[in-house]
Amino acid sequence: MMMKMSNFRWKVAWLIFIVSFVSYMDRVNLSVATPVIMKEYGFDKIDMGLIQSFFFAGYALMQVPGGMMAEKFGHRITGSLAIVWWSVFTALTAVAKGKFSFAGVRFLFGMGEGPIYPAFAIAIFRWFNKKEKGNASSFLLNGSFLGPVIGPALTVALMSTVGWKMVFWIFGAVGIVMAWIWHKYVPETPEESPYVNEAELAYINEGRTDAPVVKKAAPWGKLFTSAQFWAIGVQYFITDYIMFVFLAWLPLYLMEVHGFSLAKMGIWAAMPWLTLIIVTFSSGYFCDKAIANGASQYWIRTLCGAAGIVICSIALYIATKTPDPMQNVMWLSLSLGSLGLTFNASWACAINLGGEFAGSISGWMNFWGNIGGVIAPTLTAWIATSYGWDAALIATALSGVVGVLAWFLVKPDKAIV
């Protein structure tokens, strides 16, 4: 009788989903609390933009080192330590007193979150069949995107009950628990897990020609001369830039431009992120299925990556011409939601292009994405302050042209190393 497959790898995928969700809740909490913090401390938009940018500076700074750490020490130890680190500084956000202490704490918080996605990329490479990379990546991405769906309403509810500072203490404690669970249940390889049977292990390793796990450094000299290496970074810079404009400023935009109350904002600010989750899950499933059935990986990943940015930019421009609040939310939802095509293609490509060096490739890609995160909050705040919110969103939409062009140099069917 054939042994029934254990399918523990999908429990690992759900754990990645949950940890990613917690990590993004920790980011969203600040943007939701922004109106209250601005009033309490007398900050203006530029101040808050700079505070948000310091998070992304720390986060971007640790992307490549985080990938190298994950390759050297493994995703188990690197992931656990990263979660503990960022959780401590999430909690310490509550004790910040002025713009400089807020900036310092958020910078260190960002450094803690830096290694987690490269570590997850390595875990996905080792724990999943080569035909499942896109679907597994969607768990990583959608955990992140669920944070902004639940975050606004949950944070508003907590703020109204226990105050904004307690929100950060609560999520700091949740993170410590998640670090323990990750370390306990996700060893470096499925071979080491007591929950993976022989049938599942054989399926995971089907068609795999990789040597046993050997901890070695990525060939950076070869990577830096690769057009693909630079292209995947550039397109993700644009993709994350647009997404972080939404993350940093959507709550305040809805309140200032469309007159949403704090409670109403907590509900409607979630809609673009919910759309993003639906598109990311759907594209991960259908793209993997199409490729498994023989479709060209080059065209599936390239067209999804480029089309996501095109639709996003057009819908964002239309949103600036739509005065009705509900129609505006609809166009904003289409805009951010369409990036699910691009996000899924990006992470599937990083894992495929990098192979055993998926941590370094994904770290490089996420480094450029978060350079976009460094620039987006402050630049958007400056444009909105100087020229208005419409100008800020139109400038964001126009940046998509660069991302679309970069996608045609990624060549997702050809491994870099």
# chains A, B, ... in the order shown; residues from 1 in each chain; ligands from 1
>>> residues_around(residues="A:Gly266", least_positions_apart="5", cutoff="10 Å", atoms="only C-alpha atoms", output="short mmCIF file (atom, residue, chain, number, x, y, z; two decimals) with N, CA, C and O atoms, in the first residue's frame")
data_model
loop_
_atom_site.label_atom_id
_atom_site.label_comp_id
_atom_site.auth_asym_id
_atom_site.auth_seq_id
_atom_site.Cartn_x
_atom_site.Cartn_y
_atom_site.Cartn_z
N VAL A 32 -1.34 53.58 11.60
CA VAL A 32 -2.70 53.78 12.10
C VAL A 32 -2.70 54.74 13.28
O VAL A 32 -3.61 55.57 13.43
N PRO A 148 -2.09 44.75 7.11
CA PRO A 148 -2.83 45.99 6.83
C PRO A 148 -4.34 45.79 6.67
O PRO A 148 -5.08 46.76 6.71
N VAL A 149 -4.80 44.54 6.43
CA VAL A 149 -6.25 44.29 6.36
C VAL A 149 -6.86 44.35 7.75
O VAL A 149 -7.83 45.06 8.01
N ILE A 150 -6.28 43.58 8.66
CA ILE A 150 -6.80 43.51 10.03
C ILE A 150 -6.27 44.66 10.88
O ILE A 150 -6.94 45.14 11.80
N GLY A 151 -5.06 45.11 10.55
CA GLY A 151 -4.37 46.09 11.37
C GLY A 151 -5.15 47.35 11.68
O GLY A 151 -5.28 47.72 12.85
N PRO A 152 -5.68 48.05 10.67
CA PRO A 152 -6.36 49.31 10.98
C PRO A 152 -7.51 49.16 11.97
O PRO A 152 -7.57 49.86 12.99
N ALA A 153 -8.42 48.21 11.71
CA ALA A 153 -9.58 48.04 12.60
C ALA A 153 -9.15 47.54 13.97
O ALA A 153 -9.63 48.02 15.01
N LEU A 154 -8.23 46.56 14.01
CA LEU A 154 -7.79 46.00 15.29
C LEU A 154 -7.03 47.04 16.11
O LEU A 154 -7.24 47.18 17.32
N THR A 155 -6.15 47.79 15.44
CA THR A 155 -5.38 48.80 16.16
C THR A 155 -6.28 49.91 16.69
O THR A 155 -6.11 50.37 17.83
N VAL A 156 -7.24 50.35 15.87
CA VAL A 156 -8.19 51.37 16.33
C VAL A 156 -8.96 50.86 17.55
O VAL A 156 -9.16 51.59 18.53
N ALA A 157 -9.42 49.58 17.49
CA ALA A 157 -10.17 49.01 18.61
C ALA A 157 -9.31 48.95 19.88
O ALA A 157 -9.77 49.30 20.97
N PRO A 251 -4.08 55.61 5.65
CA PRO A 251 -5.03 56.03 6.70
C PRO A 251 -5.19 57.55 6.78
O PRO A 251 -6.33 58.05 6.83
N LEU A 254 -7.09 59.04 3.65
CA LEU A 254 -8.55 58.88 3.69
C LEU A 254 -9.21 59.85 4.66
O LEU A 254 -10.31 60.35 4.40
N PHE A 260 -12.87 60.76 6.25
CA PHE A 260 -13.20 59.56 7.02
C PHE A 260 -12.90 59.80 8.50
O PHE A 260 -11.89 60.42 8.85
N SER A 261 -13.77 59.30 9.37
CA SER A 261 -13.48 59.32 10.81
C SER A 261 -12.43 58.27 11.11
O SER A 261 -12.13 57.40 10.26
N MET A 271 -9.51 47.67 2.77
CA MET A 271 -9.99 47.12 1.50
C MET A 271 -8.90 46.92 0.45
O MET A 271 -8.84 45.88 -0.20
#
>>> residues_around(residues="A:Ala307", least_positions_apart="2", cutoff="10 Å", atoms="only C-alpha atoms", output="list of chain:residue names")
A:Arg301, A:Thr302, A:Leu303, A:Cys304, A:Gly305, A:Ile309, A:Val310, A:Ile311, A:Cys312, A:Ser313, A:Ser338, A:Leu339, A:Leu341, A:Thr342, A:Val404, A:Trp407
>>> write_last_selection(atoms="all heavy atoms", output="compact mmCIF listing (two decimals), in the first residue's frame")
# COMPACT_ATOMS: atom_id res chain seq x y z
N ARG A 301 5.80 34.49 -15.50
CA ARG A 301 6.32 35.38 -14.45
C ARG A 301 6.51 36.80 -14.96
O ARG A 301 6.19 37.77 -14.27
CB ARG A 301 7.66 34.84 -13.92
CG ARG A 301 7.63 33.44 -13.37
CD ARG A 301 6.78 33.30 -12.13
NE ARG A 301 6.93 31.98 -11.53
CZ ARG A 301 6.02 31.40 -10.77
NH1 ARG A 301 4.88 32.00 -10.49
NH2 ARG A 301 6.24 30.20 -10.26
N THR A 302 7.03 36.95 -16.19
CA THR A 302 7.30 38.29 -16.72
C THR A 302 6.02 39.08 -16.95
O THR A 302 5.92 40.25 -16.56
CB THR A 302 8.10 38.20 -18.04
OG1 THR A 302 9.33 37.50 -17.82
CG2 THR A 302 8.41 39.59 -18.58
N LEU A 303 5.04 38.44 -17.58
CA LEU A 303 3.79 39.15 -17.87
C LEU A 303 3.04 39.49 -16.59
O LEU A 303 2.47 40.59 -16.47
CB LEU A 303 2.92 38.31 -18.81
CG LEU A 303 3.43 38.21 -20.25
CD1 LEU A 303 2.49 37.35 -21.09
CD2 LEU A 303 3.58 39.59 -20.89
N CYS A 304 3.03 38.56 -15.62
CA CYS A 304 2.36 38.87 -14.35
C CYS A 304 3.07 40.01 -13.64
O CYS A 304 2.43 40.93 -13.12
CB CYS A 304 2.34 37.62 -13.45
SG CYS A 304 1.04 36.46 -13.87
N GLY A 305 4.40 39.96 -13.61
CA GLY A 305 5.16 41.00 -12.94
C GLY A 305 4.93 42.37 -13.55
O GLY A 305 4.69 43.36 -12.84
N ILE A 309 2.16 46.01 -12.32
CA ILE A 309 2.56 47.40 -12.17
C ILE A 309 1.76 48.31 -13.10
O ILE A 309 1.37 49.43 -12.73
CB ILE A 309 4.07 47.56 -12.42
CG1 ILE A 309 4.87 46.74 -11.40
CG2 ILE A 309 4.48 49.03 -12.34
CD1 ILE A 309 6.36 46.74 -11.63
N VAL A 310 1.50 47.84 -14.33
CA VAL A 310 0.73 48.65 -15.29
C VAL A 310 -0.67 48.95 -14.74
O VAL A 310 -1.12 50.10 -14.72
CB VAL A 310 0.63 47.93 -16.64
CG1 VAL A 310 -0.38 48.64 -17.56
CG2 VAL A 310 1.99 47.88 -17.33
N ILE A 311 -1.37 47.90 -14.30
CA ILE A 311 -2.73 48.08 -13.78
C ILE A 311 -2.71 48.96 -12.54
O ILE A 311 -3.57 49.85 -12.36
CB ILE A 311 -3.37 46.71 -13.47
CG1 ILE A 311 -3.48 45.87 -14.74
CG2 ILE A 311 -4.75 46.90 -12.83
CD1 ILE A 311 -3.86 44.42 -14.49
N CYS A 312 -1.72 48.73 -11.67
CA CYS A 312 -1.60 49.52 -10.44
C CYS A 312 -1.47 51.01 -10.75
O CYS A 312 -2.17 51.84 -10.15
CB CYS A 312 -0.37 49.04 -9.65
SG CYS A 312 0.08 50.11 -8.27
N SER A 313 -0.61 51.36 -11.67
CA SER A 313 -0.36 52.77 -11.98
C SER A 313 -1.58 53.44 -12.60
O SER A 313 -1.93 54.57 -12.25
CB SER A 313 0.85 52.88 -12.92
OG SER A 313 2.03 52.43 -12.28
N SER A 338 -3.64 44.88 -7.62
CA SER A 338 -2.97 44.37 -8.82
C SER A 338 -1.49 44.08 -8.58
O SER A 338 -0.89 43.25 -9.28
CB SER A 338 -3.12 45.37 -9.97
OG SER A 338 -2.43 46.57 -9.69
N LEU A 339 -0.90 44.73 -7.58
CA LEU A 339 0.51 44.45 -7.28
C LEU A 339 0.70 43.02 -6.77
O LEU A 339 1.84 42.54 -6.71
CB LEU A 339 1.04 45.44 -6.23
CG LEU A 339 1.37 46.85 -6.72
CD1 LEU A 339 2.01 47.65 -5.58
CD2 LEU A 339 2.31 46.83 -7.92
N LEU A 341 0.02 40.43 -8.40
CA LEU A 341 0.64 39.74 -9.54
C LEU A 341 2.15 39.92 -9.52
O LEU A 341 2.92 38.98 -9.76
CB LEU A 341 0.07 40.31 -10.85
CG LEU A 341 -1.41 40.10 -11.12
CD1 LEU A 341 -1.85 40.98 -12.29
CD2 LEU A 341 -1.71 38.64 -11.39
N THR A 342 2.58 41.13 -9.21
CA THR A 342 4.01 41.46 -9.23
C THR A 342 4.74 40.87 -8.04
O THR A 342 5.83 40.32 -8.17
CB THR A 342 4.20 42.98 -9.27
OG1 THR A 342 3.42 43.53 -10.33
CG2 THR A 342 5.66 43.34 -9.51
N VAL A 404 8.12 48.38 -14.97
CA VAL A 404 7.67 47.57 -16.11
C VAL A 404 8.85 47.26 -17.03
O VAL A 404 9.05 46.12 -17.47
CB VAL A 404 6.56 48.29 -16.89
CG1 VAL A 404 6.25 47.56 -18.19
CG2 VAL A 404 5.30 48.41 -16.03
N TRP A 407 11.22 44.51 -15.76
CA TRP A 407 10.75 43.13 -15.76
C TRP A 407 11.22 42.34 -16.98
O TRP A 407 11.42 41.12 -16.91
CB TRP A 407 9.22 43.07 -15.66
CG TRP A 407 8.80 42.76 -14.26
CD1 TRP A 407 8.25 43.61 -13.35
CD2 TRP A 407 8.95 41.51 -13.59
NE1 TRP A 407 8.05 42.97 -12.15
CE2 TRP A 407 8.48 41.67 -12.27
CE3 TRP A 407 9.45 40.26 -13.97
CZ2 TRP A 407 8.47 40.64 -11.33
CZ3 TRP A 407 9.46 39.23 -13.03
CH2 TRP A 407 8.97 39.42 -11.74
>>> closest_atom_pairs(of="stretch 92-190 of chain A", to="stretch 20-25 of chain A", cutoff="9 Å", atoms="only C-alpha atoms", output="JSON lines")
{"residue": "A:Glu113", "atom": "CA", "partner": "A:Ser23", "partner_atom": "CA", "distance": 7.3}
{"residue": "A:Ile116", "atom": "CA", "partner": "A:Ser20", "partner_atom": "CA", "distance": 8.6}
{"residue": "A:Tyr117", "atom": "CA", "partner": "A:Ser20", "partner_atom": "CA", "distance": 8.4}
{"residue": "A:Phe139", "atom": "CA", "partner": "A:Ser20", "partner_atom": "CA", "distance": 8.5}
{"residue": "A:Leu140", "atom": "CA", "partner": "A:Ser20", "partner_atom": "CA", "distance": 6.2}
{"residue": "A:Leu141", "atom": "CA", "partner": "A:Ser20", "partner_atom": "CA", "distance": 7.4}
{"residue": "A:Asn142", "atom": "CA", "partner": "A:Phe21", "partner_atom": "CA", "distance": 7.7}
{"residue": "A:Gly143", "atom": "CA", "partner": "A:Phe21", "partner_atom": "CA", "distance": 4.2}
{"residue": "A:Ser144", "atom": "CA", "partner": "A:Phe21", "partner_atom": "CA", "distance": 4.7}
{"residue": "A:Phe145", "atom": "CA", "partner": "A:Phe21", "partner_atom": "CA", "distance": 7.1}
{"residue": "A:Leu146", "atom": "CA", "partner": "A:Phe21", "partner_atom": "CA", "distance": 5.9}
{"residue": "A:Gly147", "atom": "CA", "partner": "A:Met25", "partner_atom": "CA", "distance": 4.5}
{"residue": "A:Pro148", "atom": "CA", "partner": "A:Met25", "partner_atom": "CA", "distance": 6.7}
{"residue": "A:Ile150", "atom": "CA", "partner": "A:Met25", "partner_atom": "CA", "distance": 8.1}
{"residue": "A:Gly151", "atom": "CA", "partner": "A:Met25", "partner_atom": "CA", "distance": 5.7}
{"residue": "A:Pro152", "atom": "CA", "partner": "A:Met25", "partner_atom": "CA", "distance": 9.0}
{"residue": "A:Thr155", "atom": "CA", "partner": "A:Met25", "partner_atom": "CA", "distance": 8.8}
{"residue": "A:Phe171", "atom": "CA", "partner": "A:Val22", "partner_atom": "CA", "distance": 7.5}
{"residue": "A:Val174", "atom": "CA", "partner": "A:Val22", "partner_atom": "CA", "distance": 7.9}
{"residue": "A:Gly175", "atom": "CA", "partner": "A:Val22", "partner_atom": "CA", "distance": 6.9}
{"residue": "A:Met178", "atom": "CA", "partner": "A:Val22", "partner_atom": "CA", "distance": 8.6}
>>> write_last_selection(atoms="N, CA and C atoms", output="short mmCIF file (atom, residue, chain, number, x, y, z; two decimals), in the first residue's frame")
data_model
loop_
_atom_site.label_atom_id
_atom_site.label_comp_id
_atom_site.auth_asym_id
_atom_site.auth_seq_id
_atom_site.Cartn_x
_atom_site.Cartn_y
_atom_site.Cartn_z
N GLU A 113 13.70 43.25 11.65
CA GLU A 113 12.85 42.60 10.65
C GLU A 113 13.62 42.24 9.38
N ILE A 116 14.29 38.39 8.19
CA ILE A 116 13.26 37.36 8.24
C ILE A 116 12.83 36.89 6.86
N TYR A 117 12.70 37.77 5.88
CA TYR A 117 12.22 37.32 4.57
C TYR A 117 13.28 36.55 3.79
N PHE A 139 2.05 32.43 0.61
CA PHE A 139 1.82 32.42 2.05
C PHE A 139 2.70 33.47 2.72
N LEU A 140 3.94 33.58 2.28
CA LEU A 140 4.85 34.59 2.81
C LEU A 140 4.29 35.99 2.56
N LEU A 141 3.84 36.23 1.34
CA LEU A 141 3.36 37.56 0.97
C LEU A 141 2.02 37.89 1.62
N ASN A 142 1.11 36.92 1.63
CA ASN A 142 -0.23 37.23 2.13
C ASN A 142 -0.27 37.38 3.64
N GLY A 143 0.65 36.73 4.34
CA GLY A 143 0.77 37.00 5.76
C GLY A 143 1.11 38.47 5.97
N SER A 144 2.01 38.97 5.11
CA SER A 144 2.38 40.39 5.18
C SER A 144 1.19 41.28 4.87
N PHE A 145 0.43 40.91 3.85
CA PHE A 145 -0.65 41.78 3.41
C PHE A 145 -1.88 41.70 4.31
N LEU A 146 -2.01 40.61 5.09
CA LEU A 146 -3.13 40.52 6.01
C LEU A 146 -2.98 41.53 7.15
N GLY A 147 -1.72 41.87 7.49
CA GLY A 147 -1.48 42.86 8.54
C GLY A 147 -2.23 44.15 8.30
N PRO A 148 -2.09 44.75 7.11
CA PRO A 148 -2.83 45.99 6.83
C PRO A 148 -4.34 45.79 6.67
N ILE A 150 -6.28 43.58 8.66
CA ILE A 150 -6.80 43.51 10.03
C ILE A 150 -6.27 44.66 10.88
N GLY A 151 -5.06 45.11 10.55
CA GLY A 151 -4.37 46.09 11.37
C GLY A 151 -5.15 47.35 11.68
N PRO A 152 -5.68 48.05 10.67
CA PRO A 152 -6.36 49.31 10.98
C PRO A 152 -7.51 49.16 11.97
N THR A 155 -6.15 47.79 15.44
CA THR A 155 -5.38 48.80 16.16
C THR A 155 -6.28 49.91 16.69
N PHE A 171 1.86 43.52 20.90
CA PHE A 171 2.44 42.85 19.73
C PHE A 171 3.90 42.46 19.94
N VAL A 174 3.50 39.06 21.58
CA VAL A 174 3.08 38.05 20.59
C VAL A 174 4.29 37.58 19.76
N GLY A 175 5.16 38.51 19.39
CA GLY A 175 6.34 38.15 18.60
C GLY A 175 7.27 37.19 19.31
N MET A 178 5.95 33.75 18.89
CA MET A 178 6.14 33.25 17.53
C MET A 178 7.59 32.81 17.28
#
>>> closest_atom_pairs(of="stretch 13-64 of chain A", to="stretch 353-371 of chain A", cutoff="10 Å", atoms="only C-alpha atoms", output="CSV")
residue,atom,partner,partner_atom,distance
A:Ser53,CA,A:Ile371,CA,9.1
A:Phe55,CA,A:Asn370,CA,9.4
A:Phe56,CA,A:Asn370,CA,5.7
A:Ala57,CA,A:Ile371,CA,7.0
A:Gly58,CA,A:Asn370,CA,9.2
A:Tyr59,CA,A:Asn370,CA,6.8
A:Ala60,CA,A:Phe367,CA,4.6
A:Leu61,CA,A:Phe367,CA,7.0
A:Met62,CA,A:Phe367,CA,7.7
A:Gln63,CA,A:Gly363,CA,4.5
A:Val64,CA,A:Gly363,CA,4.6
>>> write_last_selection(atoms="N, CA and C atoms", output="JSON list (two decimals), in the first residue's frame")
[["chain", "number", "residue", "atom", "x", "y", "z"],
["A", 53, "SER", "N", 10.64, 56.46, 7.54],
["A", 53, "SER", "CA", 11.81, 56.18, 6.70],
["A", 53, "SER", "C", 12.95, 55.55, 7.49],
["A", 55, "PHE", "N", 12.63, 53.41, 9.88],
["A", 55, "PHE", "CA", 12.36, 51.97, 9.91],
["A", 55, "PHE", "C", 12.89, 51.30, 8.65],
["A", 56, "PHE", "N", 12.54, 51.86, 7.49],
["A", 56, "PHE", "CA", 12.92, 51.24, 6.23],
["A", 56, "PHE", "C", 14.43, 51.29, 6.01],
["A", 57, "ALA", "N", 15.09, 52.31, 6.55],
["A", 57, "ALA", "CA", 16.55, 52.37, 6.45],
["A", 57, "ALA", "C", 17.19, 51.20, 7.19],
["A", 58, "GLY", "N", 16.73, 50.95, 8.43],
["A", 58, "GLY", "CA", 17.24, 49.81, 9.17],
["A", 58, "GLY", "C", 16.90, 48.50, 8.50],
["A", 59, "TYR", "N", 15.70, 48.41, 7.97],
["A", 59, "TYR", "CA", 15.23, 47.19, 7.30],
["A", 59, "TYR", "C", 16.05, 46.92, 6.04],
["A", 60, "ALA", "N", 16.24, 47.96, 5.22],
["A", 60, "ALA", "CA", 17.02, 47.79, 3.99],
["A", 60, "ALA", "C", 18.47, 47.44, 4.30],
["A", 61, "LEU", "N", 19.02, 48.08, 5.32],
["A", 61, "LEU", "CA", 20.42, 47.84, 5.69],
["A", 61, "LEU", "C", 20.69, 46.38, 6.00],
["A", 62, "MET", "N", 19.70, 45.66, 6.54],
["A", 62, "MET", "CA", 19.92, 44.28, 6.96],
["A", 62, "MET", "C", 19.46, 43.24, 5.95],
["A", 63, "GLN", "N", 19.04, 43.66, 4.76],
["A", 63, "GLN", "CA", 18.54, 42.69, 3.80],
["A", 63, "GLN", "C", 19.63, 41.73, 3.30],
["A", 64, "VAL", "N", 20.68, 42.28, 2.73],
["A", 64, "VAL", "CA", 21.76, 41.42, 2.21],
["A", 64, "VAL", "C", 22.49, 40.73, 3.35]]
>>> residues_around(residues="A:Trp85", least_positions_apart="6", cutoff="9 Å", atoms="only C-alpha atoms", output="PDB file with N, CA and C atoms, in the first residue's frame")
ATOM      1  N   LEU A 108      16.010  50.527  14.706  1.00  0.00           N
ATOM      2  CA  LEU A 108      16.437  49.246  15.278  1.00  0.00           C
ATOM      3  C   LEU A 108      15.373  48.166  15.076  1.00  0.00           C
ATOM      4  N   PHE A 109      14.119  48.565  15.133  1.00  0.00           N
ATOM      5  CA  PHE A 109      13.032  47.644  14.806  1.00  0.00           C
ATOM      6  C   PHE A 109      13.184  47.151  13.364  1.00  0.00           C
ATOM      7  N   MET A 111      15.927  46.961  11.580  1.00  0.00           N
ATOM      8  CA  MET A 111      17.080  46.057  11.488  1.00  0.00           C
ATOM      9  C   MET A 111      16.680  44.642  11.922  1.00  0.00           C
ATOM     10  N   GLY A 112      15.835  44.548  12.936  1.00  0.00           N
ATOM     11  CA  GLY A 112      15.397  43.234  13.389  1.00  0.00           C
ATOM     12  C   GLY A 112      14.551  42.512  12.366  1.00  0.00           C
ATOM     13  N   GLU A 113      13.700  43.250  11.649  1.00  0.00           N
ATOM     14  CA  GLU A 113      12.850  42.600  10.652  1.00  0.00           C
ATOM     15  C   GLU A 113      13.615  42.240   9.377  1.00  0.00           C
ATOM     16  N   ILE A 176       7.456  37.366  20.610  1.00  0.00           N
ATOM     17  CA  ILE A 176       8.324  36.463  21.366  1.00  0.00           C
ATOM     18  C   ILE A 176       7.792  35.036  21.311  1.00  0.00           C
TER      19      ILE A 176
END
>>> atom_distance(atom1="atom CA of A:Thr320", atom2="atom CA of A:Ile277")
23.1 Å
>>> atom_distance(atom1="atom CA of A:Lys131", atom2="atom CA of A:Ala179")
28.4 Å
>>> closest_residue(among="A:Asn135, A:Ser80, A:Thr90, A:Asn197", to="A:Val28", atoms="only C-alpha atoms")
A:Thr90
>>> closest_residue(among="A:Leu316, A:Val374, A:Val417, A:Ala295", to="A:Ala391", atoms="only C-alpha atoms")
A:Leu316
>>> residues_around(residues="A:Ala94", least_positions_apart="5", cutoff="12 Å", atoms="only C-alpha atoms", output="PDB file with N, CA and C atoms, in the first residue's frame")
ATOM      1  N   ASP A  26       3.080  44.863  13.109  1.00  0.00           N
ATOM      2  CA  ASP A  26       3.983  45.728  13.873  1.00  0.00           C
ATOM      3  C   ASP A  26       4.329  46.996  13.095  1.00  0.00           C
ATOM      4  N   ASN A  29       0.799  49.262  12.757  1.00  0.00           N
ATOM      5  CA  ASN A  29       0.361  49.912  13.990  1.00  0.00           C
ATOM      6  C   ASN A  29       0.791  51.377  14.057  1.00  0.00           C
ATOM      7  N   LEU A  30       2.005  51.665  13.589  1.00  0.00           N
ATOM      8  CA  LEU A  30       2.483  53.041  13.645  1.00  0.00           C
ATOM      9  C   LEU A  30       1.709  53.942  12.695  1.00  0.00           C
ATOM     10  N   ALA A  33      -1.675  54.629  14.118  1.00  0.00           N
ATOM     11  CA  ALA A  33      -1.586  55.517  15.281  1.00  0.00           C
ATOM     12  C   ALA A  33      -1.041  56.900  14.929  1.00  0.00           C
ATOM     13  N   ILE A  37      -0.467  60.143  17.386  1.00  0.00           N
ATOM     14  CA  ILE A  37       0.912  60.480  17.751  1.00  0.00           C
ATOM     15  C   ILE A  37       1.259  61.900  17.306  1.00  0.00           C
ATOM     16  N   VAL A  88      11.169  43.071  20.548  1.00  0.00           N
ATOM     17  CA  VAL A  88      11.639  43.925  21.638  1.00  0.00           C
ATOM     18  C   VAL A  88      11.494  45.395  21.259  1.00  0.00           C
ATOM     19  N   PHE A  89      11.892  45.747  20.033  1.00  0.00           N
ATOM     20  CA  PHE A  89      11.833  47.154  19.629  1.00  0.00           C
ATOM     21  C   PHE A  89      10.428  47.587  19.220  1.00  0.00           C
ATOM     22  N   SER A 101      13.882  59.865  19.346  1.00  0.00           N
ATOM     23  CA  SER A 101      13.774  58.553  19.988  1.00  0.00           C
ATOM     24  C   SER A 101      12.859  57.630  19.185  1.00  0.00           C
ATOM     25  N   PHE A 102      11.774  58.196  18.607  1.00  0.00           N
ATOM     26  CA  PHE A 102      10.924  57.400  17.723  1.00  0.00           C
ATOM     27  C   PHE A 102      11.741  56.883  16.534  1.00  0.00           C
ATOM     28  N   VAL A 105      14.271  54.074  17.670  1.00  0.00           N
ATOM     29  CA  VAL A 105      13.618  52.794  17.971  1.00  0.00           C
ATOM     30  C   VAL A 105      13.119  52.133  16.691  1.00  0.00           C
ATOM     31  N   ARG A 106      12.538  52.903  15.791  1.00  0.00           N
ATOM     32  CA  ARG A 106      12.020  52.317  14.548  1.00  0.00           C
ATOM     33  C   ARG A 106      13.156  51.851  13.634  1.00  0.00           C
ATOM     34  N   GLY A 163      -5.382  52.325  24.785  1.00  0.00           N
ATOM     35  CA  GLY A 163      -4.437  53.372  24.408  1.00  0.00           C
ATOM     36  C   GLY A 163      -3.422  52.889  23.382  1.00  0.00           C
ATOM     37  N   TRP A 164      -2.851  53.833  22.631  1.00  0.00           N
ATOM     38  CA  TRP A 164      -1.970  53.438  21.529  1.00  0.00           C
ATOM     39  C   TRP A 164      -0.678  52.781  22.010  1.00  0.00           C
ATOM     40  N   LYS A 165      -0.186  53.141  23.168  1.00  0.00           N
ATOM     41  CA  LYS A 165       1.076  52.566  23.639  1.00  0.00           C
ATOM     42  C   LYS A 165       0.949  51.076  23.949  1.00  0.00           C
ATOM     43  N   MET A 166      -0.167  50.665  24.526  1.00  0.00           N
ATOM     44  CA  MET A 166      -0.358  49.264  24.872  1.00  0.00           C
ATOM     45  C   MET A 166      -0.391  48.377  23.629  1.00  0.00           C
ATOM     46  N   VAL A 167      -0.806  48.930  22.485  1.00  0.00           N
ATOM     47  CA  VAL A 167      -0.805  48.165  21.231  1.00  0.00           C
ATOM     48  C   VAL A 167       0.588  47.613  20.955  1.00  0.00           C
ATOM     49  N   PHE A 168       1.619  48.439  21.139  1.00  0.00           N
ATOM     50  CA  PHE A 168       2.988  48.023  20.843  1.00  0.00           C
ATOM     51  C   PHE A 168       3.500  47.007  21.863  1.00  0.00           C
ATOM     52  N   TRP A 169       3.110  47.147  23.132  1.00  0.00           N
ATOM     53  CA  TRP A 169       3.496  46.148  24.140  1.00  0.00           C
ATOM     54  C   TRP A 169       2.871  44.788  23.828  1.00  0.00           C
ATOM     55  N   ILE A 170       1.614  44.791  23.428  1.00  0.00           N
ATOM     56  CA  ILE A 170       0.917  43.530  23.141  1.00  0.00           C
ATOM     57  C   ILE A 170       1.578  42.791  21.981  1.00  0.00           C
ATOM     58  N   PHE A 171       1.859  43.525  20.896  1.00  0.00           N
ATOM     59  CA  PHE A 171       2.438  42.851  19.729  1.00  0.00           C
ATOM     60  C   PHE A 171       3.898  42.463  19.943  1.00  0.00           C
ATOM     61  N   GLY A 172       4.591  43.164  20.810  1.00  0.00           N
ATOM     62  CA  GLY A 172       5.929  42.729  21.182  1.00  0.00           C
ATOM     63  C   GLY A 172       5.897  41.367  21.854  1.00  0.00           C
TER      64      GLY A 172
END
